[in-house]
$ cat upload-v3.cif   # mmCIF, N, CA and C atoms
data_query
#
loop_
_atom_site.label_atom_id
_atom_site.label_comp_id
_atom_site.auth_asym_id
_atom_site.auth_seq_id
_atom_site.Cartn_x
_atom_site.Cartn_y
_atom_site.Cartn_z
N GLN J 11 197.08 75.48 90.97
CA GLN J 11 197.42 76.82 91.39
C GLN J 11 196.19 77.71 91.38
N VAL J 12 196.19 78.65 92.28
CA VAL J 12 195.10 79.62 92.40
C VAL J 12 195.70 81.02 92.35
N GLN J 13 195.08 81.88 91.57
CA GLN J 13 195.49 83.28 91.52
C GLN J 13 194.35 84.13 92.08
N LEU J 14 194.71 85.09 92.91
CA LEU J 14 193.74 85.97 93.55
C LEU J 14 194.08 87.42 93.23
N VAL J 15 193.09 88.16 92.79
CA VAL J 15 193.30 89.57 92.46
C VAL J 15 192.27 90.41 93.19
N GLU J 16 192.77 91.30 94.06
CA GLU J 16 191.88 92.18 94.82
C GLU J 16 191.64 93.48 94.07
N SER J 17 190.51 94.09 94.37
CA SER J 17 190.20 95.42 93.85
C SER J 17 189.25 96.10 94.83
N GLY J 18 189.15 97.43 94.70
CA GLY J 18 188.17 98.17 95.49
C GLY J 18 188.74 98.98 96.63
N GLY J 19 190.04 98.88 96.88
CA GLY J 19 190.62 99.69 97.94
C GLY J 19 190.69 101.16 97.55
N GLY J 20 191.04 101.98 98.53
CA GLY J 20 191.16 103.41 98.24
C GLY J 20 191.09 104.23 99.51
N LEU J 21 190.85 105.51 99.31
CA LEU J 21 190.78 106.47 100.41
C LEU J 21 189.33 106.81 100.71
N VAL J 22 188.98 106.77 101.99
CA VAL J 22 187.61 107.08 102.40
C VAL J 22 187.66 107.80 103.74
N GLN J 23 186.67 108.62 104.00
CA GLN J 23 186.60 109.33 105.27
C GLN J 23 186.02 108.43 106.36
N THR J 24 186.31 108.79 107.59
CA THR J 24 185.74 108.07 108.74
C THR J 24 184.22 108.01 108.61
N GLY J 25 183.69 106.81 108.83
CA GLY J 25 182.26 106.60 108.71
C GLY J 25 181.81 106.17 107.34
N GLY J 26 182.72 106.21 106.39
CA GLY J 26 182.38 105.84 105.02
C GLY J 26 182.40 104.34 104.78
N SER J 27 182.18 103.97 103.53
CA SER J 27 182.09 102.56 103.15
C SER J 27 182.96 102.29 101.93
N LEU J 28 183.43 101.06 101.86
CA LEU J 28 184.13 100.55 100.69
C LEU J 28 183.73 99.09 100.50
N ARG J 29 183.80 98.64 99.26
CA ARG J 29 183.55 97.23 98.95
C ARG J 29 184.76 96.66 98.23
N LEU J 30 185.37 95.68 98.83
CA LEU J 30 186.50 95.00 98.22
C LEU J 30 186.01 93.77 97.46
N SER J 31 186.67 93.49 96.36
CA SER J 31 186.38 92.28 95.58
C SER J 31 187.64 91.47 95.42
N CYS J 32 187.47 90.16 95.35
CA CYS J 32 188.59 89.25 95.12
C CYS J 32 188.18 88.25 94.05
N ALA J 33 188.81 88.35 92.89
CA ALA J 33 188.54 87.44 91.79
C ALA J 33 189.56 86.31 91.83
N ALA J 34 189.06 85.09 91.91
CA ALA J 34 189.93 83.92 91.95
C ALA J 34 189.91 83.21 90.61
N SER J 35 191.07 82.77 90.18
CA SER J 35 191.17 82.01 88.93
C SER J 35 192.11 80.83 89.14
N GLY J 36 192.05 79.88 88.22
CA GLY J 36 192.86 78.68 88.35
C GLY J 36 192.00 77.51 88.78
N SER J 37 192.60 76.61 89.52
CA SER J 37 191.89 75.39 89.96
C SER J 37 191.21 75.65 91.29
N ILE J 38 189.97 76.14 91.22
CA ILE J 38 189.21 76.45 92.42
C ILE J 38 188.34 75.25 92.78
N PHE J 39 188.51 74.72 93.98
CA PHE J 39 187.71 73.60 94.43
C PHE J 39 186.41 74.10 95.05
N SER J 40 185.41 73.27 94.96
CA SER J 40 184.09 73.68 95.44
C SER J 40 184.08 73.90 96.95
N ASP J 41 185.00 73.27 97.70
CA ASP J 41 185.00 73.41 99.15
C ASP J 41 186.03 74.42 99.65
N ALA J 42 186.54 75.26 98.75
CA ALA J 42 187.54 76.25 99.15
C ALA J 42 186.95 77.25 100.14
N VAL J 43 187.76 77.59 101.13
CA VAL J 43 187.42 78.67 102.06
C VAL J 43 188.07 79.94 101.54
N MET J 44 187.30 81.01 101.50
CA MET J 44 187.87 82.29 101.07
C MET J 44 187.75 83.30 102.20
N GLY J 45 188.60 84.29 102.15
CA GLY J 45 188.56 85.25 103.24
C GLY J 45 189.41 86.47 102.98
N TRP J 46 189.47 87.30 104.01
CA TRP J 46 190.25 88.54 103.97
C TRP J 46 191.08 88.66 105.24
N TYR J 47 192.30 89.08 105.05
CA TYR J 47 193.19 89.42 106.15
C TYR J 47 193.67 90.85 105.92
N ARG J 48 194.25 91.45 106.96
CA ARG J 48 194.80 92.79 106.78
C ARG J 48 196.08 92.93 107.58
N GLN J 49 196.91 93.86 107.11
CA GLN J 49 198.23 94.03 107.72
C GLN J 49 198.67 95.47 107.63
N GLY J 50 199.16 95.99 108.75
CA GLY J 50 199.74 97.32 108.77
C GLY J 50 201.25 97.23 108.80
N PRO J 51 201.93 98.34 108.62
CA PRO J 51 203.41 98.35 108.62
C PRO J 51 203.97 97.81 109.93
N GLY J 52 204.85 96.84 109.85
CA GLY J 52 205.46 96.28 111.04
C GLY J 52 204.55 95.39 111.86
N GLU J 53 203.40 95.07 111.32
CA GLU J 53 202.44 94.24 112.05
C GLU J 53 202.32 92.86 111.42
N GLN J 54 201.76 91.93 112.16
CA GLN J 54 201.44 90.64 111.58
C GLN J 54 200.15 90.76 110.78
N ARG J 55 199.94 89.79 109.92
CA ARG J 55 198.73 89.77 109.10
C ARG J 55 197.62 89.13 109.93
N ASP J 56 196.54 89.86 110.11
CA ASP J 56 195.46 89.42 110.98
C ASP J 56 194.19 89.09 110.20
N LEU J 57 193.45 88.14 110.72
CA LEU J 57 192.18 87.75 110.13
C LEU J 57 191.17 88.89 110.19
N VAL J 58 190.46 89.08 109.09
CA VAL J 58 189.31 89.99 109.07
C VAL J 58 188.03 89.15 109.04
N ALA J 59 187.92 88.29 108.04
CA ALA J 59 186.72 87.47 107.90
C ALA J 59 187.00 86.31 106.94
N THR J 60 186.29 85.21 107.16
CA THR J 60 186.34 84.09 106.23
C THR J 60 184.93 83.61 105.94
N ILE J 61 184.80 82.88 104.82
CA ILE J 61 183.51 82.34 104.43
C ILE J 61 183.73 81.01 103.73
N THR J 62 182.94 80.00 104.12
CA THR J 62 183.03 78.70 103.46
C THR J 62 182.16 78.69 102.20
N ASN J 63 182.26 77.60 101.47
CA ASN J 63 181.46 77.48 100.26
C ASN J 63 179.97 77.38 100.56
N THR J 64 179.61 77.01 101.80
CA THR J 64 178.20 76.93 102.18
C THR J 64 177.70 78.22 102.84
N GLY J 65 178.59 79.21 102.93
CA GLY J 65 178.18 80.50 103.46
C GLY J 65 178.41 80.72 104.94
N ARG J 66 179.06 79.77 105.60
CA ARG J 66 179.36 79.97 107.01
C ARG J 66 180.47 81.00 107.15
N THR J 67 180.25 81.99 108.00
CA THR J 67 181.19 83.11 108.13
C THR J 67 181.83 83.17 109.50
N ASN J 68 182.98 83.84 109.53
CA ASN J 68 183.70 84.07 110.77
C ASN J 68 184.33 85.45 110.68
N TYR J 69 184.20 86.24 111.75
CA TYR J 69 184.71 87.62 111.73
C TYR J 69 185.62 87.88 112.92
N ALA J 70 186.57 88.76 112.72
CA ALA J 70 187.33 89.30 113.83
C ALA J 70 186.41 90.18 114.67
N ASP J 71 186.63 90.18 115.98
CA ASP J 71 185.75 90.97 116.85
C ASP J 71 185.75 92.44 116.47
N SER J 72 186.87 92.93 115.97
CA SER J 72 187.01 94.35 115.69
C SER J 72 186.16 94.82 114.52
N VAL J 73 185.67 93.88 113.70
CA VAL J 73 184.89 94.27 112.52
C VAL J 73 183.46 93.77 112.56
N LYS J 74 183.11 92.98 113.58
CA LYS J 74 181.74 92.45 113.67
C LYS J 74 180.73 93.58 113.70
N GLY J 75 179.68 93.43 112.91
CA GLY J 75 178.64 94.44 112.84
C GLY J 75 178.92 95.56 111.87
N ARG J 76 180.15 95.64 111.37
CA ARG J 76 180.51 96.69 110.42
C ARG J 76 180.87 96.13 109.04
N PHE J 77 181.53 94.97 109.03
CA PHE J 77 181.97 94.36 107.78
C PHE J 77 181.12 93.13 107.48
N THR J 78 180.91 92.88 106.19
CA THR J 78 180.18 91.70 105.76
C THR J 78 180.93 91.02 104.63
N ILE J 79 181.23 89.74 104.81
CA ILE J 79 181.88 88.96 103.76
C ILE J 79 180.83 88.16 103.01
N SER J 80 181.02 88.04 101.71
CA SER J 80 180.12 87.24 100.89
C SER J 80 180.92 86.65 99.74
N ARG J 81 180.31 85.74 99.02
CA ARG J 81 180.98 85.15 97.87
C ARG J 81 179.95 84.73 96.83
N ASP J 82 180.41 84.75 95.58
CA ASP J 82 179.62 84.26 94.46
C ASP J 82 180.38 83.07 93.90
N ASN J 83 179.91 81.87 94.23
CA ASN J 83 180.64 80.66 93.84
C ASN J 83 180.69 80.50 92.32
N ALA J 84 179.65 80.92 91.64
CA ALA J 84 179.63 80.79 90.19
C ALA J 84 180.69 81.67 89.53
N LYS J 85 181.01 82.78 90.16
CA LYS J 85 181.99 83.71 89.62
C LYS J 85 183.36 83.56 90.29
N ASN J 86 183.47 82.65 91.26
CA ASN J 86 184.72 82.49 92.02
C ASN J 86 185.21 83.84 92.56
N THR J 87 184.30 84.58 93.12
CA THR J 87 184.62 85.92 93.62
C THR J 87 184.13 86.07 95.06
N ALA J 88 184.97 86.67 95.88
CA ALA J 88 184.61 87.00 97.25
C ALA J 88 184.56 88.51 97.41
N TYR J 89 183.73 88.95 98.34
CA TYR J 89 183.55 90.38 98.56
C TYR J 89 183.68 90.69 100.05
N LEU J 90 184.07 91.92 100.32
CA LEU J 90 184.08 92.40 101.70
C LEU J 90 183.45 93.80 101.70
N GLN J 91 182.24 93.87 102.21
CA GLN J 91 181.56 95.16 102.36
C GLN J 91 181.97 95.75 103.70
N MET J 92 182.58 96.92 103.66
CA MET J 92 183.08 97.56 104.87
C MET J 92 182.32 98.86 105.11
N ASN J 93 181.59 98.91 106.19
CA ASN J 93 180.81 100.09 106.57
C ASN J 93 181.35 100.68 107.86
N SER J 94 180.95 101.91 108.13
CA SER J 94 181.36 102.60 109.36
C SER J 94 182.87 102.49 109.58
N LEU J 95 183.62 102.80 108.54
CA LEU J 95 185.06 102.64 108.61
C LEU J 95 185.68 103.63 109.59
N LYS J 96 186.75 103.16 110.23
CA LYS J 96 187.47 103.94 111.24
C LYS J 96 188.92 104.09 110.80
N PRO J 97 189.61 105.12 111.29
CA PRO J 97 191.04 105.27 110.92
C PRO J 97 191.86 104.01 111.25
N GLU J 98 191.50 103.31 112.30
CA GLU J 98 192.25 102.10 112.67
C GLU J 98 192.01 100.93 111.71
N ASP J 99 191.09 101.09 110.77
CA ASP J 99 190.91 100.08 109.73
C ASP J 99 191.92 100.26 108.58
N THR J 100 192.68 101.34 108.63
CA THR J 100 193.67 101.58 107.59
C THR J 100 194.72 100.47 107.61
N ARG J 101 194.78 99.71 106.52
CA ARG J 101 195.66 98.55 106.40
C ARG J 101 195.73 98.17 104.91
N VAL J 102 196.64 97.29 104.59
CA VAL J 102 196.58 96.59 103.32
C VAL J 102 195.72 95.34 103.53
N TYR J 103 194.73 95.15 102.68
CA TYR J 103 193.81 94.03 102.80
C TYR J 103 194.17 92.97 101.76
N TYR J 104 194.30 91.74 102.24
CA TYR J 104 194.71 90.63 101.39
C TYR J 104 193.58 89.61 101.27
N CYS J 105 193.34 89.18 100.05
CA CYS J 105 192.41 88.09 99.80
C CYS J 105 193.12 86.78 100.08
N TYR J 106 192.37 85.81 100.55
CA TYR J 106 192.92 84.53 101.01
C TYR J 106 192.02 83.40 100.52
N CYS J 107 192.67 82.31 100.13
CA CYS J 107 191.93 81.11 99.72
C CYS J 107 192.64 79.89 100.31
N HIS J 108 191.87 79.03 100.94
CA HIS J 108 192.43 77.80 101.49
C HIS J 108 191.73 76.61 100.88
N GLN J 109 192.51 75.73 100.26
CA GLN J 109 191.95 74.50 99.71
C GLN J 109 193.04 73.47 99.59
N ALA J 110 192.66 72.21 99.75
CA ALA J 110 193.60 71.09 99.60
C ALA J 110 194.87 71.33 100.41
N TYR J 111 194.70 71.79 101.64
CA TYR J 111 195.81 72.00 102.58
C TYR J 111 196.78 73.07 102.14
N MET J 112 196.38 73.92 101.17
CA MET J 112 197.24 75.00 100.69
C MET J 112 196.58 76.35 100.94
N ASP J 113 197.41 77.35 101.22
CA ASP J 113 196.95 78.72 101.37
C ASP J 113 197.43 79.56 100.20
N TYR J 114 196.55 80.38 99.69
CA TYR J 114 196.88 81.27 98.58
C TYR J 114 196.54 82.70 98.98
N TRP J 115 197.34 83.64 98.47
CA TRP J 115 197.17 85.04 98.83
C TRP J 115 197.19 85.92 97.60
N GLY J 116 196.40 86.99 97.65
CA GLY J 116 196.52 88.03 96.65
C GLY J 116 197.65 88.98 97.01
N LYS J 117 197.85 89.99 96.18
CA LYS J 117 198.93 90.94 96.41
C LYS J 117 198.53 92.07 97.34
N GLY J 118 197.25 92.19 97.60
CA GLY J 118 196.77 93.17 98.55
C GLY J 118 196.26 94.44 97.91
N THR J 119 195.35 95.09 98.63
CA THR J 119 194.83 96.39 98.21
C THR J 119 194.78 97.30 99.43
N LEU J 120 195.23 98.53 99.26
CA LEU J 120 195.34 99.45 100.39
C LEU J 120 194.02 100.15 100.66
N VAL J 121 193.63 100.12 101.91
CA VAL J 121 192.46 100.87 102.39
C VAL J 121 192.96 101.92 103.37
N THR J 122 192.65 103.18 103.08
CA THR J 122 193.06 104.28 103.94
C THR J 122 191.81 105.03 104.39
N VAL J 123 191.66 105.15 105.71
CA VAL J 123 190.52 105.85 106.28
C VAL J 123 191.03 107.13 106.94
N SER J 124 190.60 108.27 106.42
CA SER J 124 191.07 109.55 106.95
C SER J 124 190.21 109.96 108.15
N PRO J 125 190.83 110.66 109.11
CA PRO J 125 190.09 111.08 110.31
C PRO J 125 188.97 112.06 109.97
#
$ encode --input "upload-v3.cif" --output "structure tokens"
Amino acid sequence: QVQLVESGGGLVQTGGSLRLSCAASGSIFSDAVMGWYRQGPGEQRDLVATITNTGRTNYADSVKGRFTISRDNAKNTAYLQMNSLKPEDTRVYYCYCHQAYMDYWGKGTLVTVSP
């Protein structure tokens, strides 16, 4: 089992920055893929970014150039640096871990970007 706990969400003005953290605990495999998804009310949960254990990244087009995903394998922690935030980035952000054909999710952290 894997447990994921997000932190770092909050309220920020348009153009501002936030850094989300995801602390993973439990049986973390060295080849686990970690990432972030986001979801608004009545919407599906959409990919924001993922990162492999070797540092290969993948981003949604809507966040390319503004968001940066990273991870510290020694600490089993993933990060999402969000810059130039827009009101349309307002969502609940969920940490994600994929390993051994299983998907794990955190409970989410709310990011609100005011106009």
$ atom_distance --input "upload-v3.cif" --atom1 "CA of Thr60 in chain J" --atom2 "CA of Ser72 in chain J"
14.0 Å
$ atom_distance --input "upload-v3.cif" --atom1 "atom C of Asn83 in chain J" --atom2 "atom C of Gly20 in chain J"
26.9 Å
$ residues_around --input "upload-v3.cif" --residues "Met92 in chain J" --least-positions-apart "3" --cutoff "7 Å" --atoms "all atoms listed in the file" --output "ChimeraX atom specification"
/J:26-30,76-78,95
$ atom_distance --input "upload-v3.cif" --atom1 "CA of Ile38 in chain J" --atom2 "atom N of Gly65 in chain J"
15.2 Å
$ resolve_selection --input "upload-v3.cif" --expression "the PyMOL selection byres ((chain J and resi 18) around 8)" --output "list in words"
Val15, Glu16, Ser17, Gly19, Gly20, Leu21, Leu28, Arg29, Leu30, Ser31, Cys32, Thr119, Leu120 and Val121 of chain J
$ decode --input "upload-v3.cif" --residues "range 101-121 of chain J" --atoms "N, CA, C and O atoms" --output "PDB file, in the first residue's frame"
ATOM      1  N   ARG J 101      -8.478  24.605  -9.091  1.00  0.00           N
ATOM      2  CA  ARG J 101      -8.907  23.209  -9.089  1.00  0.00           C
ATOM      3  C   ARG J 101      -8.460  22.579  -7.764  1.00  0.00           C
ATOM      4  O   ARG J 101      -7.639  23.136  -7.044  1.00  0.00           O
ATOM      5  N   VAL J 102      -8.947  21.388  -7.503  1.00  0.00           N
ATOM      6  CA  VAL J 102      -8.338  20.542  -6.486  1.00  0.00           C
ATOM      7  C   VAL J 102      -7.233  19.737  -7.175  1.00  0.00           C
ATOM      8  O   VAL J 102      -7.475  19.113  -8.220  1.00  0.00           O
ATOM      9  N   TYR J 103      -6.047  19.761  -6.602  1.00  0.00           N
ATOM     10  CA  TYR J 103      -4.894  19.079  -7.179  1.00  0.00           C
ATOM     11  C   TYR J 103      -4.631  17.793  -6.395  1.00  0.00           C
ATOM     12  O   TYR J 103      -4.521  17.827  -5.154  1.00  0.00           O
ATOM     13  N   TYR J 104      -4.512  16.696  -7.126  1.00  0.00           N
ATOM     14  CA  TYR J 104      -4.329  15.386  -6.525  1.00  0.00           C
ATOM     15  C   TYR J 104      -2.955  14.824  -6.884  1.00  0.00           C
ATOM     16  O   TYR J 104      -2.550  14.828  -8.053  1.00  0.00           O
ATOM     17  N   CYS J 105      -2.275  14.307  -5.885  1.00  0.00           N
ATOM     18  CA  CYS J 105      -1.034  13.587  -6.105  1.00  0.00           C
ATOM     19  C   CYS J 105      -1.367  12.176  -6.559  1.00  0.00           C
ATOM     20  O   CYS J 105      -2.369  11.580  -6.119  1.00  0.00           O
ATOM     21  N   TYR J 106      -0.513  11.629  -7.399  1.00  0.00           N
ATOM     22  CA  TYR J 106      -0.755  10.336  -8.054  1.00  0.00           C
ATOM     23  C   TYR J 106       0.539   9.527  -8.046  1.00  0.00           C
ATOM     24  O   TYR J 106       1.631  10.079  -8.222  1.00  0.00           O
ATOM     25  N   CYS J 107       0.377   8.226  -7.821  1.00  0.00           N
ATOM     26  CA  CYS J 107       1.516   7.317  -7.882  1.00  0.00           C
ATOM     27  C   CYS J 107       1.077   6.052  -8.612  1.00  0.00           C
ATOM     28  O   CYS J 107       0.011   5.496  -8.295  1.00  0.00           O
ATOM     29  N   HIS J 108       1.875   5.633  -9.568  1.00  0.00           N
ATOM     30  CA  HIS J 108       1.583   4.404 -10.296  1.00  0.00           C
ATOM     31  C   HIS J 108       2.745   3.450 -10.150  1.00  0.00           C
ATOM     32  O   HIS J 108       3.892   3.795 -10.473  1.00  0.00           O
ATOM     33  N   GLN J 109       2.460   2.260  -9.635  1.00  0.00           N
ATOM     34  CA  GLN J 109       3.489   1.228  -9.535  1.00  0.00           C
ATOM     35  C   GLN J 109       2.832  -0.126  -9.463  1.00  0.00           C
ATOM     36  O   GLN J 109       1.730  -0.260  -8.933  1.00  0.00           O
ATOM     37  N   ALA J 110       3.509  -1.129 -10.011  1.00  0.00           N
ATOM     38  CA  ALA J 110       3.026  -2.507  -9.964  1.00  0.00           C
ATOM     39  C   ALA J 110       1.573  -2.600 -10.426  1.00  0.00           C
ATOM     40  O   ALA J 110       0.753  -3.269  -9.797  1.00  0.00           O
ATOM     41  N   TYR J 111       1.266  -1.899 -11.512  1.00  0.00           N
ATOM     42  CA  TYR J 111      -0.061  -1.939 -12.135  1.00  0.00           C
ATOM     43  C   TYR J 111      -1.162  -1.368 -11.257  1.00  0.00           C
ATOM     44  O   TYR J 111      -2.343  -1.574 -11.517  1.00  0.00           O
ATOM     45  N   MET J 112      -0.791  -0.612 -10.205  1.00  0.00           N
ATOM     46  CA  MET J 112      -1.774  -0.008  -9.305  1.00  0.00           C
ATOM     47  C   MET J 112      -1.636   1.513  -9.338  1.00  0.00           C
ATOM     48  O   MET J 112      -0.542   2.045  -9.487  1.00  0.00           O
ATOM     49  N   ASP J 113      -2.776   2.187  -9.187  1.00  0.00           N
ATOM     50  CA  ASP J 113      -2.800   3.642  -9.073  1.00  0.00           C
ATOM     51  C   ASP J 113      -3.181   4.035  -7.655  1.00  0.00           C
ATOM     52  O   ASP J 113      -4.109   3.458  -7.078  1.00  0.00           O
ATOM     53  N   TYR J 114      -2.485   5.017  -7.135  1.00  0.00           N
ATOM     54  CA  TYR J 114      -2.758   5.521  -5.794  1.00  0.00           C
ATOM     55  C   TYR J 114      -2.982   7.027  -5.889  1.00  0.00           C
ATOM     56  O   TYR J 114      -2.355   7.712  -6.699  1.00  0.00           O
ATOM     57  N   TRP J 115      -3.858   7.526  -5.010  1.00  0.00           N
ATOM     58  CA  TRP J 115      -4.220   8.939  -5.033  1.00  0.00           C
ATOM     59  C   TRP J 115      -4.173   9.532  -3.641  1.00  0.00           C
ATOM     60  O   TRP J 115      -4.511   8.866  -2.653  1.00  0.00           O
ATOM     61  N   GLY J 116      -3.780  10.801  -3.567  1.00  0.00           N
ATOM     62  CA  GLY J 116      -3.937  11.543  -2.329  1.00  0.00           C
ATOM     63  C   GLY J 116      -5.351  12.080  -2.222  1.00  0.00           C
ATOM     64  O   GLY J 116      -6.175  11.889  -3.115  1.00  0.00           O
ATOM     65  N   LYS J 117      -5.622  12.794  -1.133  1.00  0.00           N
ATOM     66  CA  LYS J 117      -6.959  13.327  -0.909  1.00  0.00           C
ATOM     67  C   LYS J 117      -7.174  14.671  -1.582  1.00  0.00           C
ATOM     68  O   LYS J 117      -8.300  15.153  -1.650  1.00  0.00           O
ATOM     69  N   GLY J 118      -6.107  15.272  -2.046  1.00  0.00           N
ATOM     70  CA  GLY J 118      -6.222  16.512  -2.795  1.00  0.00           C
ATOM     71  C   GLY J 118      -5.955  17.752  -1.967  1.00  0.00           C
ATOM     72  O   GLY J 118      -6.139  17.764  -0.749  1.00  0.00           O
ATOM     73  N   THR J 119      -5.514  18.793  -2.658  1.00  0.00           N
ATOM     74  CA  THR J 119      -5.311  20.092  -2.036  1.00  0.00           C
ATOM     75  C   THR J 119      -5.863  21.162  -2.976  1.00  0.00           C
ATOM     76  O   THR J 119      -5.645  21.104  -4.192  1.00  0.00           O
ATOM     77  N   LEU J 120      -6.602  22.105  -2.415  1.00  0.00           N
ATOM     78  CA  LEU J 120      -7.282  23.107  -3.225  1.00  0.00           C
ATOM     79  C   LEU J 120      -6.352  24.264  -3.564  1.00  0.00           C
ATOM     80  O   LEU J 120      -5.710  24.835  -2.673  1.00  0.00           O
ATOM     81  N   VAL J 121      -6.321  24.590  -4.838  1.00  0.00           N
ATOM     82  CA  VAL J 121      -5.599  25.771  -5.324  1.00  0.00           C
ATOM     83  C   VAL J 121      -6.635  26.736  -5.891  1.00  0.00           C
ATOM     84  O   VAL J 121      -7.404  26.362  -6.779  1.00  0.00           O
TER      85      VAL J 121
END
